[in-house]
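Q: So I've got this file, upload_9.pdb, and it contains PDB, C-alpha atoms:
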ATOM      1  CA  MET A   1     -39.503 -56.339 -85.505
ATOM      2  CA  ASN A   2     -42.072 -54.634 -87.613
ATOM      3  CA  THR A   3     -42.223 -50.921 -86.851
ATOM      4  CA  THR A   4     -45.919 -50.902 -87.604
ATOM      5  CA  ASP A   5     -46.499 -53.029 -84.503
ATOM      6  CA  LEU A   6     -45.127 -50.337 -82.250
ATOM      7  CA  THR A   7     -47.789 -48.302 -80.467
ATOM      8  CA  LEU A   8     -47.074 -45.092 -78.682
ATOM      9  CA  ASP A   9     -49.049 -44.239 -75.576
ATOM     10  CA  PRO A  10     -50.634 -40.817 -75.802
ATOM     11  CA  ILE A  11     -48.931 -38.174 -73.692
ATOM     12  CA  PRO A  12     -51.411 -36.923 -71.107
ATOM     13  CA  PRO A  13     -52.006 -33.204 -71.227
ATOM     14  CA  ARG A  14     -50.112 -31.249 -68.614
ATOM     15  CA  GLY A  15     -52.288 -29.218 -66.387
ATOM     16  CA  PRO A  16     -51.322 -26.651 -63.791
ATOM     17  CA  ALA A  17     -49.171 -27.912 -60.984
ATOM     18  CA  ARG A  18     -51.175 -28.825 -57.948
ATOM     19  CA  ILE A  19     -50.148 -28.285 -54.373
ATOM     20  CA  PRO A  20     -50.440 -31.474 -52.360
ATOM     21  CA  ARG A  21     -53.599 -31.570 -50.261
ATOM     22  CA  LYS A  22     -51.671 -31.876 -47.000
ATOM     23  CA  LEU A  23     -49.468 -28.867 -47.807
ATOM     24  CA  GLY A  24     -52.135 -26.650 -49.363
ATOM     25  CA  ALA A  25     -53.340 -24.731 -46.308
ATOM     26  CA  PRO A  26     -49.891 -23.986 -44.804
ATOM     27  CA  TRP A  27     -48.519 -22.805 -48.149
ATOM     28  CA  LEU A  28     -51.505 -20.559 -48.806
ATOM     29  CA  SER A  29     -51.413 -19.043 -45.319
ATOM     30  CA  ALA A  30     -47.630 -18.594 -45.287
ATOM     31  CA  PRO A  31     -47.642 -15.037 -46.789
ATOM     32  CA  ALA A  32     -50.188 -13.834 -44.228
ATOM     33  CA  ILE A  33     -48.248 -15.441 -41.379
ATOM     34  CA  ILE A  34     -44.999 -13.843 -42.553
ATOM     35  CA  PHE A  35     -46.690 -10.455 -42.930
ATOM     36  CA  VAL A  36     -48.158 -10.602 -39.414
ATOM     37  CA  ALA A  37     -44.830 -11.748 -37.980
ATOM     38  CA  LEU A  38     -42.907  -8.908 -39.618
ATOM     39  CA  CYS A  39     -45.422  -6.092 -39.120
ATOM     40  CA  LEU A  40     -46.891  -6.998 -35.727
ATOM     41  CA  LEU A  41     -44.859  -9.490 -33.740
ATOM     42  CA  ALA A  42     -41.451  -8.047 -34.615
ATOM     43  CA  PRO A  43     -42.307  -4.494 -33.409
ATOM     44  CA  LEU A  44     -43.844  -5.934 -30.246
ATOM     45  CA  ALA A  45     -40.729  -8.002 -29.587
ATOM     46  CA  LEU A  46     -38.566  -4.910 -30.176
ATOM     47  CA  MET A  47     -40.728  -2.869 -27.799
ATOM     48  CA  LEU A  48     -40.472  -5.569 -25.143
ATOM     49  CA  ARG A  49     -36.712  -5.685 -25.558
ATOM     50  CA  ASN A  50     -36.405  -1.894 -25.289
ATOM     51  CA  SER A  51     -38.515  -1.900 -22.135
ATOM     52  CA  LEU A  52     -35.831  -4.033 -20.472
ATOM     53  CA  ASN A  53     -33.056  -1.561 -21.277
ATOM     54  CA  ARG A  54     -31.761   1.115 -18.921
ATOM     55  CA  TYR A  55     -32.282   4.840 -19.416
ATOM     56  CA  ASP A  56     -29.342   7.217 -19.358
ATOM     57  CA  ALA A  57     -29.647  10.976 -19.785
ATOM     58  CA  SER A  58     -26.533  11.223 -21.974
ATOM     59  CA  GLU A  59     -26.857   8.019 -24.021
ATOM     60  CA  LEU A  60     -30.686   7.795 -23.869
ATOM     61  CA  MET A  61     -30.719   4.005 -23.766
ATOM     62  CA  ILE A  62     -28.177   1.478 -22.498
ATOM     63  CA  SER A  63     -28.545  -2.148 -23.499
ATOM     64  CA  ALA A  64     -29.376  -4.232 -20.443
ATOM     65  CA  VAL A  65     -31.842  -6.756 -19.101
ATOM     66  CA  THR A  66     -33.538  -5.141 -16.141
ATOM     67  CA  ALA A  67     -37.071  -4.785 -14.807
ATOM     68  CA  GLU A  68     -36.477  -1.359 -13.270
ATOM     69  CA  ASN A  69     -38.827   0.343 -15.766
ATOM     70  CA  TYR A  70     -41.701  -1.910 -14.700
ATOM     71  CA  ALA A  71     -40.707  -1.467 -11.055
ATOM     72  CA  LYS A  72     -40.844   2.292 -11.586
ATOM     73  CA  PHE A  73     -44.396   2.027 -12.893
ATOM     74  CA  PHE A  74     -45.690  -0.214 -10.114
ATOM     75  CA  GLY A  75     -43.852   1.810  -7.500
ATOM     76  CA  ASP A  76     -45.210   5.190  -8.603
ATOM     77  CA  ALA A  77     -48.824   5.948  -7.690
ATOM     78  CA  PHE A  78     -49.011   8.641 -10.371
ATOM     79  CA  TYR A  79     -48.632   6.231 -13.287
ATOM     80  CA  GLN A  80     -51.003   3.721 -11.710
ATOM     81  CA  GLU A  81     -53.578   6.485 -11.350
ATOM     82  CA  VAL A  82     -53.110   7.350 -15.023
ATOM     83  CA  LEU A  83     -53.701   3.719 -15.988
ATOM     84  CA  TRP A  84     -56.884   3.322 -13.927
ATOM     85  CA  ARG A  85     -58.179   6.687 -15.127
ATOM     86  CA  THR A  86     -57.687   5.456 -18.686
ATOM     87  CA  VAL A  87     -59.513   2.194 -17.929
ATOM     88  CA  GLY A  88     -62.381   3.992 -16.180
ATOM     89  CA  ILE A  89     -62.937   6.598 -18.899
ATOM     90  CA  SER A  90     -62.653   3.956 -21.623
ATOM     91  CA  ALA A  91     -65.201   1.721 -19.899
ATOM     92  CA  LEU A  92     -67.574   4.663 -19.355
ATOM     93  CA  ALA A  93     -67.282   5.855 -22.966
ATOM     94  CA  THR A  94     -67.871   2.296 -24.218
ATOM     95  CA  ALA A  95     -70.941   1.885 -21.996
ATOM     96  CA  ILE A  96     -72.416   5.196 -23.214
ATOM     97  CA  CYS A  97     -71.785   4.190 -26.834
ATOM     98  CA  LEU A  98     -73.493   0.860 -26.180
ATOM     99  CA  VAL A  99     -76.541   2.392 -24.485
ATOM    100  CA  ALA A 100     -76.905   5.023 -27.207
ATOM    101  CA  GLY A 101     -75.947   2.763 -30.099
ATOM    102  CA  VAL A 102     -78.294  -0.176 -29.477
ATOM    103  CA  PRO A 103     -81.614   1.712 -29.878
ATOM    104  CA  LEU A 104     -80.277   3.822 -32.747
ATOM    105  CA  ALA A 105     -78.953   0.813 -34.662
ATOM    106  CA  TYR A 106     -82.146  -1.169 -34.000
ATOM    107  CA  PHE A 107     -84.285   1.731 -35.202
ATOM    108  CA  LEU A 108     -82.251   1.971 -38.413
ATOM    109  CA  ALA A 109     -82.446  -1.771 -39.010
ATOM    110  CA  ARG A 110     -86.179  -2.202 -38.357
ATOM    111  CA  HIS A 111     -88.065   1.065 -38.805
ATOM    112  CA  VAL A 112     -86.316   3.029 -41.561
ATOM    113  CA  ALA A 113     -86.859   2.577 -45.284
ATOM    114  CA  PRO A 114     -83.819   1.298 -47.226
ATOM    115  CA  GLY A 115     -83.316   4.552 -49.156
ATOM    116  CA  THR A 116     -83.534   6.731 -46.063
ATOM    117  CA  LYS A 117     -81.332   4.314 -44.121
ATOM    118  CA  ARG A 118     -78.538   4.623 -46.671
ATOM    119  CA  ILE A 119     -78.602   8.391 -46.265
ATOM    120  CA  LEU A 120     -78.584   8.159 -42.464
ATOM    121  CA  LEU A 121     -75.745   5.618 -42.455
ATOM    122  CA  LEU A 122     -73.765   7.895 -44.752
ATOM    123  CA  ALA A 123     -74.362  10.776 -42.331
ATOM    124  CA  ILE A 124     -73.082   8.571 -39.502
ATOM    125  CA  LEU A 125     -69.996   7.593 -41.513
ATOM    126  CA  ILE A 126     -69.085  11.126 -42.621
ATOM    127  CA  PRO A 127     -67.451  12.040 -39.248
ATOM    128  CA  LEU A 128     -65.099   9.059 -39.674
ATOM    129  CA  LEU A 129     -63.704  10.744 -42.789
ATOM    130  CA  ILE A 130     -62.490  13.652 -40.653
ATOM    131  CA  GLY A 131     -59.424  13.358 -38.457
ATOM    132  CA  ASN A 132     -59.849  13.040 -34.700
ATOM    133  CA  ALA A 133     -57.887  16.241 -34.123
ATOM    134  CA  VAL A 134     -60.279  18.257 -36.304
ATOM    135  CA  ARG A 135     -63.380  16.812 -34.654
ATOM    136  CA  THR A 136     -61.924  17.325 -31.195
ATOM    137  CA  SER A 137     -61.069  20.936 -32.047
ATOM    138  CA  ALA A 138     -64.726  21.464 -32.893
ATOM    139  CA  TRP A 139     -65.692  20.070 -29.484
ATOM    140  CA  MET A 140     -63.303  22.573 -27.894
ATOM    141  CA  LEU A 141     -65.356  25.371 -29.463
ATOM    142  CA  ILE A 142     -68.541  23.794 -28.128
ATOM    143  CA  LEU A 143     -67.519  22.831 -24.593
ATOM    144  CA  ASN A 144     -65.409  25.769 -23.399
ATOM    145  CA  ASP A 145     -66.907  28.267 -20.975
ATOM    146  CA  GLN A 146     -67.455  30.863 -23.714
ATOM    147  CA  GLY A 147     -68.372  28.379 -26.429
ATOM    148  CA  VAL A 148     -71.504  27.383 -28.282
ATOM    149  CA  LEU A 149     -73.010  25.306 -25.453
ATOM    150  CA  ALA A 150     -72.468  28.095 -22.904
ATOM    151  CA  ALA A 151     -74.112  30.612 -25.245
ATOM    152  CA  PHE A 152     -77.068  28.290 -25.773
ATOM    153  CA  LEU A 153     -77.546  27.705 -22.037
ATOM    154  CA  GLY A 154     -77.285  31.461 -21.504
ATOM    155  CA  PHE A 155     -80.689  31.866 -23.147
ATOM    156  CA  PHE A 156     -82.124  29.796 -20.285
ATOM    157  CA  GLY A 157     -80.431  31.816 -17.550
ATOM    158  CA  TRP A 158     -77.216  29.806 -17.126
ATOM    159  CA  ASN A 159     -74.328  32.186 -16.482
ATOM    160  CA  GLY A 160     -71.831  30.009 -14.590
ATOM    161  CA  PRO A 161     -68.867  28.120 -16.003
ATOM    162  CA  LEU A 162     -69.551  24.742 -17.613
ATOM    163  CA  GLY A 163     -66.419  23.063 -16.320
ATOM    164  CA  LEU A 164     -66.356  20.619 -19.222
ATOM    165  CA  MET A 165     -63.043  21.608 -20.753
ATOM    166  CA  TYR A 166     -59.911  20.045 -19.262
ATOM    167  CA  SER A 167     -61.920  17.490 -17.325
ATOM    168  CA  SER A 168     -62.818  13.830 -17.498
ATOM    169  CA  ALA A 169     -66.391  14.764 -18.529
ATOM    170  CA  GLY A 170     -65.151  16.657 -21.587
ATOM    171  CA  VAL A 171     -62.798  13.834 -22.559
ATOM    172  CA  THR A 172     -65.631  11.311 -22.216
ATOM    173  CA  ILE A 173     -67.912  13.407 -24.423
ATOM    174  CA  GLY A 174     -65.204  13.669 -27.059
ATOM    175  CA  LEU A 175     -64.500   9.939 -26.988
ATOM    176  CA  VAL A 176     -68.190   9.076 -27.295
ATOM    177  CA  SER A 177     -68.506  11.309 -30.359
ATOM    178  CA  VAL A 178     -65.538   9.533 -31.950
ATOM    179  CA  LEU A 179     -66.550   5.976 -31.051
ATOM    180  CA  LEU A 180     -70.338   6.039 -31.458
ATOM    181  CA  PRO A 181     -70.288   5.624 -35.280
ATOM    182  CA  PHE A 182     -68.243   2.420 -34.908
ATOM    183  CA  MET A 183     -70.801   1.017 -32.486
ATOM    184  CA  VAL A 184     -73.812   1.974 -34.612
ATOM    185  CA  ILE A 185     -72.389   0.564 -37.848
ATOM    186  CA  THR A 186     -71.436  -2.706 -36.143
ATOM    187  CA  LEU A 187     -74.798  -3.184 -34.429
ATOM    188  CA  ASN A 188     -76.835  -2.169 -37.463
ATOM    189  CA  SER A 189     -75.440  -5.043 -39.518
ATOM    190  CA  VAL A 190     -76.045  -7.429 -36.607
ATOM    191  CA  PHE A 191     -79.704  -6.412 -36.169
ATOM    192  CA  GLU A 192     -80.281  -6.691 -39.920
ATOM    193  CA  SER A 193     -79.045 -10.294 -39.841
ATOM    194  CA  ILE A 194     -81.630 -11.289 -37.197
ATOM    195  CA  ASP A 195     -84.782 -12.770 -38.725
ATOM    196  CA  GLN A 196     -87.683 -10.456 -37.964
ATOM    197  CA  ASN A 197     -90.042 -13.450 -37.998
ATOM    198  CA  LEU A 198     -88.624 -14.398 -34.587
ATOM    199  CA  GLU A 199     -89.768 -11.083 -33.176
ATOM    200  CA  ASP A 200     -93.168 -11.440 -34.844
ATOM    201  CA  ALA A 201     -93.515 -14.925 -33.340
ATOM    202  CA  GLY A 202     -92.745 -13.599 -29.871
ATOM    203  CA  GLU A 203     -95.257 -10.782 -30.313
ATOM    204  CA  SER A 204     -97.921 -13.246 -31.461
ATOM    205  CA  LEU A 205     -97.362 -15.216 -28.251
ATOM    206  CA  GLY A 206     -98.101 -12.148 -26.157
ATOM    207  CA  ALA A 207     -94.603 -10.893 -25.404
ATOM    208  CA  GLY A 208     -94.140  -7.146 -25.102
ATOM    209  CA  HIS A 209     -91.482  -5.157 -26.913
ATOM    210  CA  LEU A 210     -89.140  -5.063 -23.928
ATOM    211  CA  THR A 211     -89.517  -8.810 -23.426
ATOM    212  CA  ILE A 212     -88.769  -9.430 -27.103
ATOM    213  CA  MET A 213     -85.651  -7.284 -26.883
ATOM    214  CA  ARG A 214     -84.480  -8.962 -23.671
ATOM    215  CA  ARG A 215     -85.306 -12.577 -24.557
ATOM    216  CA  ILE A 216     -84.857 -12.681 -28.348
ATOM    217  CA  VAL A 217     -83.044  -9.737 -29.928
ATOM    218  CA  LEU A 218     -80.273  -9.017 -27.434
ATOM    219  CA  PRO A 219     -79.207 -12.672 -26.964
ATOM    220  CA  LEU A 220     -78.999 -13.119 -30.746
ATOM    221  CA  ALA A 221     -77.137  -9.830 -31.115
ATOM    222  CA  MET A 222     -74.716 -10.545 -28.275
ATOM    223  CA  PRO A 223     -71.731 -11.489 -30.516
ATOM    224  CA  GLY A 224     -72.103  -8.191 -32.385
ATOM    225  CA  ILE A 225     -72.568  -6.239 -29.161
ATOM    226  CA  LEU A 226     -69.383  -7.805 -27.845
ATOM    227  CA  ALA A 227     -67.502  -6.986 -31.057
ATOM    228  CA  GLY A 228     -68.635  -3.354 -31.048
ATOM    229  CA  SER A 229     -67.849  -2.934 -27.355
ATOM    230  CA  VAL A 230     -64.381  -4.448 -27.721
ATOM    231  CA  LEU A 231     -63.648  -2.200 -30.694
ATOM    232  CA  CYS A 232     -64.757   0.951 -28.851
ATOM    233  CA  PHE A 233     -62.872  -0.007 -25.690
ATOM    234  CA  ILE A 234     -59.606  -0.666 -27.523
ATOM    235  CA  LEU A 235     -59.836   2.594 -29.480
ATOM    236  CA  SER A 236     -60.618   4.514 -26.293
ATOM    237  CA  MET A 237     -57.743   2.960 -24.351
ATOM    238  CA  ASN A 238     -55.326   4.073 -27.067
ATOM    239  CA  ALA A 239     -56.866   7.490 -27.785
ATOM    240  CA  TYR A 240     -54.391  10.343 -28.060
ATOM    241  CA  ALA A 241     -55.821  13.482 -29.687
ATOM    242  CA  THR A 242     -59.003  13.657 -27.620
ATOM    243  CA  PRO A 243     -57.340  13.456 -24.159
ATOM    244  CA  VAL A 244     -54.650  15.935 -25.204
ATOM    245  CA  LEU A 245     -56.980  18.586 -26.642
ATOM    246  CA  LEU A 246     -59.982  18.229 -24.324
ATOM    247  CA  GLY A 247     -58.076  17.132 -21.228
ATOM    248  CA  GLY A 248     -55.363  19.734 -21.336
ATOM    249  CA  PRO A 249     -51.829  19.539 -19.956
ATOM    250  CA  THR A 250     -52.870  18.504 -16.453
ATOM    251  CA  PHE A 251     -55.150  15.644 -17.517
ATOM    252  CA  HIS A 252     -53.212  12.446 -18.116
ATOM    253  CA  MET A 253     -54.142   9.254 -19.930
ATOM    254  CA  MET A 254     -51.891   6.424 -20.999
ATOM    255  CA  ALA A 255     -51.396   7.131 -24.712
ATOM    256  CA  PRO A 256     -50.334  10.786 -24.239
ATOM    257  CA  THR A 257     -48.121   9.702 -21.333
ATOM    258  CA  VAL A 258     -46.372   7.140 -23.544
ATOM    259  CA  TYR A 259     -45.802   9.802 -26.198
ATOM    260  CA  GLN A 260     -44.477  12.254 -23.616
ATOM    261  CA  GLN A 261     -41.948   9.749 -22.267
ATOM    262  CA  ILE A 262     -40.689   8.815 -25.737
ATOM    263  CA  ALA A 263     -40.813  12.132 -27.623
ATOM    264  CA  LYS A 264     -40.277  14.753 -24.906
ATOM    265  CA  VAL A 265     -38.473  13.137 -21.997
ATOM    266  CA  MET A 266     -36.634  10.827 -24.440
ATOM    267  CA  ASN A 267     -36.905   7.987 -21.915
ATOM    268  CA  TRP A 268     -37.400   5.271 -24.508
ATOM    269  CA  PRO A 269     -37.122   2.265 -22.154
ATOM    270  CA  PHE A 270     -39.760   3.592 -19.755
ATOM    271  CA  GLY A 271     -41.979   4.698 -22.638
ATOM    272  CA  ALA A 272     -41.743   1.189 -24.111
ATOM    273  CA  ALA A 273     -42.611  -0.295 -20.722
ATOM    274  CA  LEU A 274     -45.676   1.977 -20.445
ATOM    275  CA  ALA A 275     -46.770   1.011 -23.962
ATOM    276  CA  PHE A 276     -46.363  -2.685 -23.191
ATOM    277  CA  ILE A 277     -48.313  -2.330 -19.932
ATOM    278  CA  LEU A 278     -51.088  -0.476 -21.759
ATOM    279  CA  MET A 279     -51.266  -3.198 -24.394
ATOM    280  CA  ALA A 280     -51.205  -5.982 -21.795
ATOM    281  CA  VAL A 281     -53.949  -4.436 -19.637
ATOM    282  CA  THR A 282     -56.124  -3.790 -22.706
ATOM    283  CA  MET A 283     -55.668  -7.374 -23.864
ATOM    284  CA  ILE A 284     -56.349  -8.885 -20.437
ATOM    285  CA  LEU A 285     -59.522  -6.843 -19.901
ATOM    286  CA  THR A 286     -60.765  -7.498 -23.428
ATOM    287  CA  ILE A 287     -60.194 -11.252 -23.238
ATOM    288  CA  GLY A 288     -61.655 -11.445 -19.719
ATOM    289  CA  VAL A 289     -64.865  -9.628 -20.654
ATOM    290  CA  SER A 290     -65.147 -11.634 -23.890
ATOM    291  CA  VAL A 291     -64.910 -14.929 -22.002
ATOM    292  CA  MET A 292     -67.536 -13.826 -19.469
ATOM    293  CA  VAL A 293     -69.941 -12.655 -22.168
ATOM    294  CA  GLN A 294     -69.448 -15.820 -24.237
ATOM    295  CA  ARG A 295     -70.218 -17.989 -21.212
ATOM    296  CA  ARG A 296     -73.350 -15.978 -20.579
ATOM    297  CA  TYR A 297     -74.262 -16.236 -24.251
ATOM    298  CA  ARG A 298     -73.895 -20.025 -24.191
ATOM    299  CA  LYS A 299     -76.272 -20.169 -21.206
ATOM    300  CA  TRP A 300     -78.818 -18.110 -23.119
ATOM    301  CA  SER A 301     -78.434 -20.384 -26.151
ATOM    302  CA  GLU A 302     -79.056 -23.594 -24.188
TER     303      GLU A 302
END
What is this file in structure tokens?

A:
Amino acid sequence: MNTTDLTLDPIPPRGPARIPRKLGAPWLSAPAIIFVALCLLAPLALMLRNSLNRYDASELMISAVTAENYAKFFGDAFYQEVLWRTVGISALATAICLVAGVPLAYFLARHVAPGTKRILLLAILIPLLIGNAVRTSAWMLILNDQGVLAAFLGFFGWNGPLGLMYSSAGVTIGLVSVLLPFMVITLNSVFESIDQNLEDAGESLGAGHLTIMRRIVLPLAMPGILAGSVLCFILSMNAYATPVLLGGPTFHMMAPTVYQQIAKVMNWPFGAALAFILMAVTMILTIGVSVMVQRRYRKWSE
């Protein structure tokens, strides 16, 4: 055989290895799934397991599988009152943030020049750079009976006690001050994404400003309103510093109660049960309201 007749096929260049199309998405999402499983699901599973253990004053926690910690919660009116107080104050603080945040965010999105708006948004964000304990301490100086607000009202003849410290009103004020920036920032981006031509079209057809807000702006902004409300409600349900500092030792909400059971009473199983109940109630209420609002939103969209 003549060696000149032999032809060698060219070796194709080797490119980077490709992940099969069917396996691409699972492989790419695997690190995130593992991270969530280790950092979120594993602690929740451990908390659930601890909530089924039995408390002992000498050994702190005895391994068992019992529902006595949950029975203690549902059988004690005090802890149920703490839970419903937490839900009520959280819902009220969220509603106030929504009522105050919608017009403020809409004003920033529609009636403020871009340069001025950046300055105002920065001023709204600055309080988020300060810890909740520091901000709440400032509210203690404002709301106490000899504080700044009492001195200001004294110029108008008010000499009685304010009664805002160590009360649900004071806690609500503190929570609103903490949560309002989250609501405003969320709604501002939502209002900016709505085409202003839709509002101009409604105005050209004779609709007033309130009608435009009710029939055009608010339905389009409903997903953002829901997101901001859910965020504020969750943060309020789990607030710790504000209820402790403004509510005082006799005012109880769920997060400080969980901390007290775990860190002071050292009743880890019951503290874990309270934490799991708080998480479950927050999740149920959040999902329930989200489903209701989404159904209403779909009716508006039809």

Q: Would you work out the distance separating CA of Ile262 in chain A from CA of Asn50 in chain A, expressed in Å to one decimal?

A: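 Atom-to-atom, CA of Ile262 in chain A to CA of Asn50 in chain A, that is 11.5 Å.
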
Q: Could you state the separation of CA of Leu46 in chain A and CA of Leu274 in chain A in Å, given to one decimal place?

A: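 Here the two named atoms are 13.9 Å from each other.
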
Q: Between A:Met253, A:Ile185, A:Val281, A:Val293, which one has atoms that come closest to Pro219 in chain A, using all atoms listed in the file?

A: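 The shortest atom-to-atom distance to Pro219 in chain A comes from A:Val293.
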
Q: Could you write out as lines of an AutoDock Vina configuration file the box around range 172-188 of chain A (axis-aligned, all atoms listed in the file, 4 Å on each side), with centre and edge lengths in Å to one decimal?

A:
center_x = -70.7
center_y = 5.2
center_z = -30.0
size_x = 20.3
size_y = 24.9
size_z = 23.6

Q: Name the residues in contact with Ala239 in chain A at a cut-off of 12 Å, using all atoms listed in the file, excluding same-chain residues fewer than 2 positions from it; report them as an NGL selection string.

A: :A and (86-87 or 89-90 or 93 or 132-133 or 136 or 171-172 or 174-176 or 178-179 or 232-237 or 241-247 or 252-259 or 278)

Q: Which residues fall under the PyMOL selection byres ((chain A and resi 187) around 9) in this file, as a PyMOL selection string?

A: chain A and resi 101-102+105-106+182-186+188-192+221+224-225+227-228

Q: Pick out the closest residue to Leu164 in chain A from this set: A:Gln260, A:Leu141, A:Phe152, A:Ser177. Count all atoms listed in the file.

A: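 Among A:Gln260, A:Leu141, A:Phe152, A:Ser177, it is A:Leu141 that comes nearest to Leu164 in chain A.
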
Q: Evaluated on this file, the PyMOL selection byres ((chain A and resi 196) around 12) picks out some residues - which ones are they, written as a VMD selection string?

A: chain A and resid 106 109 to 111 191 to 195 197 to 203 212 to 213 216 to 217 220
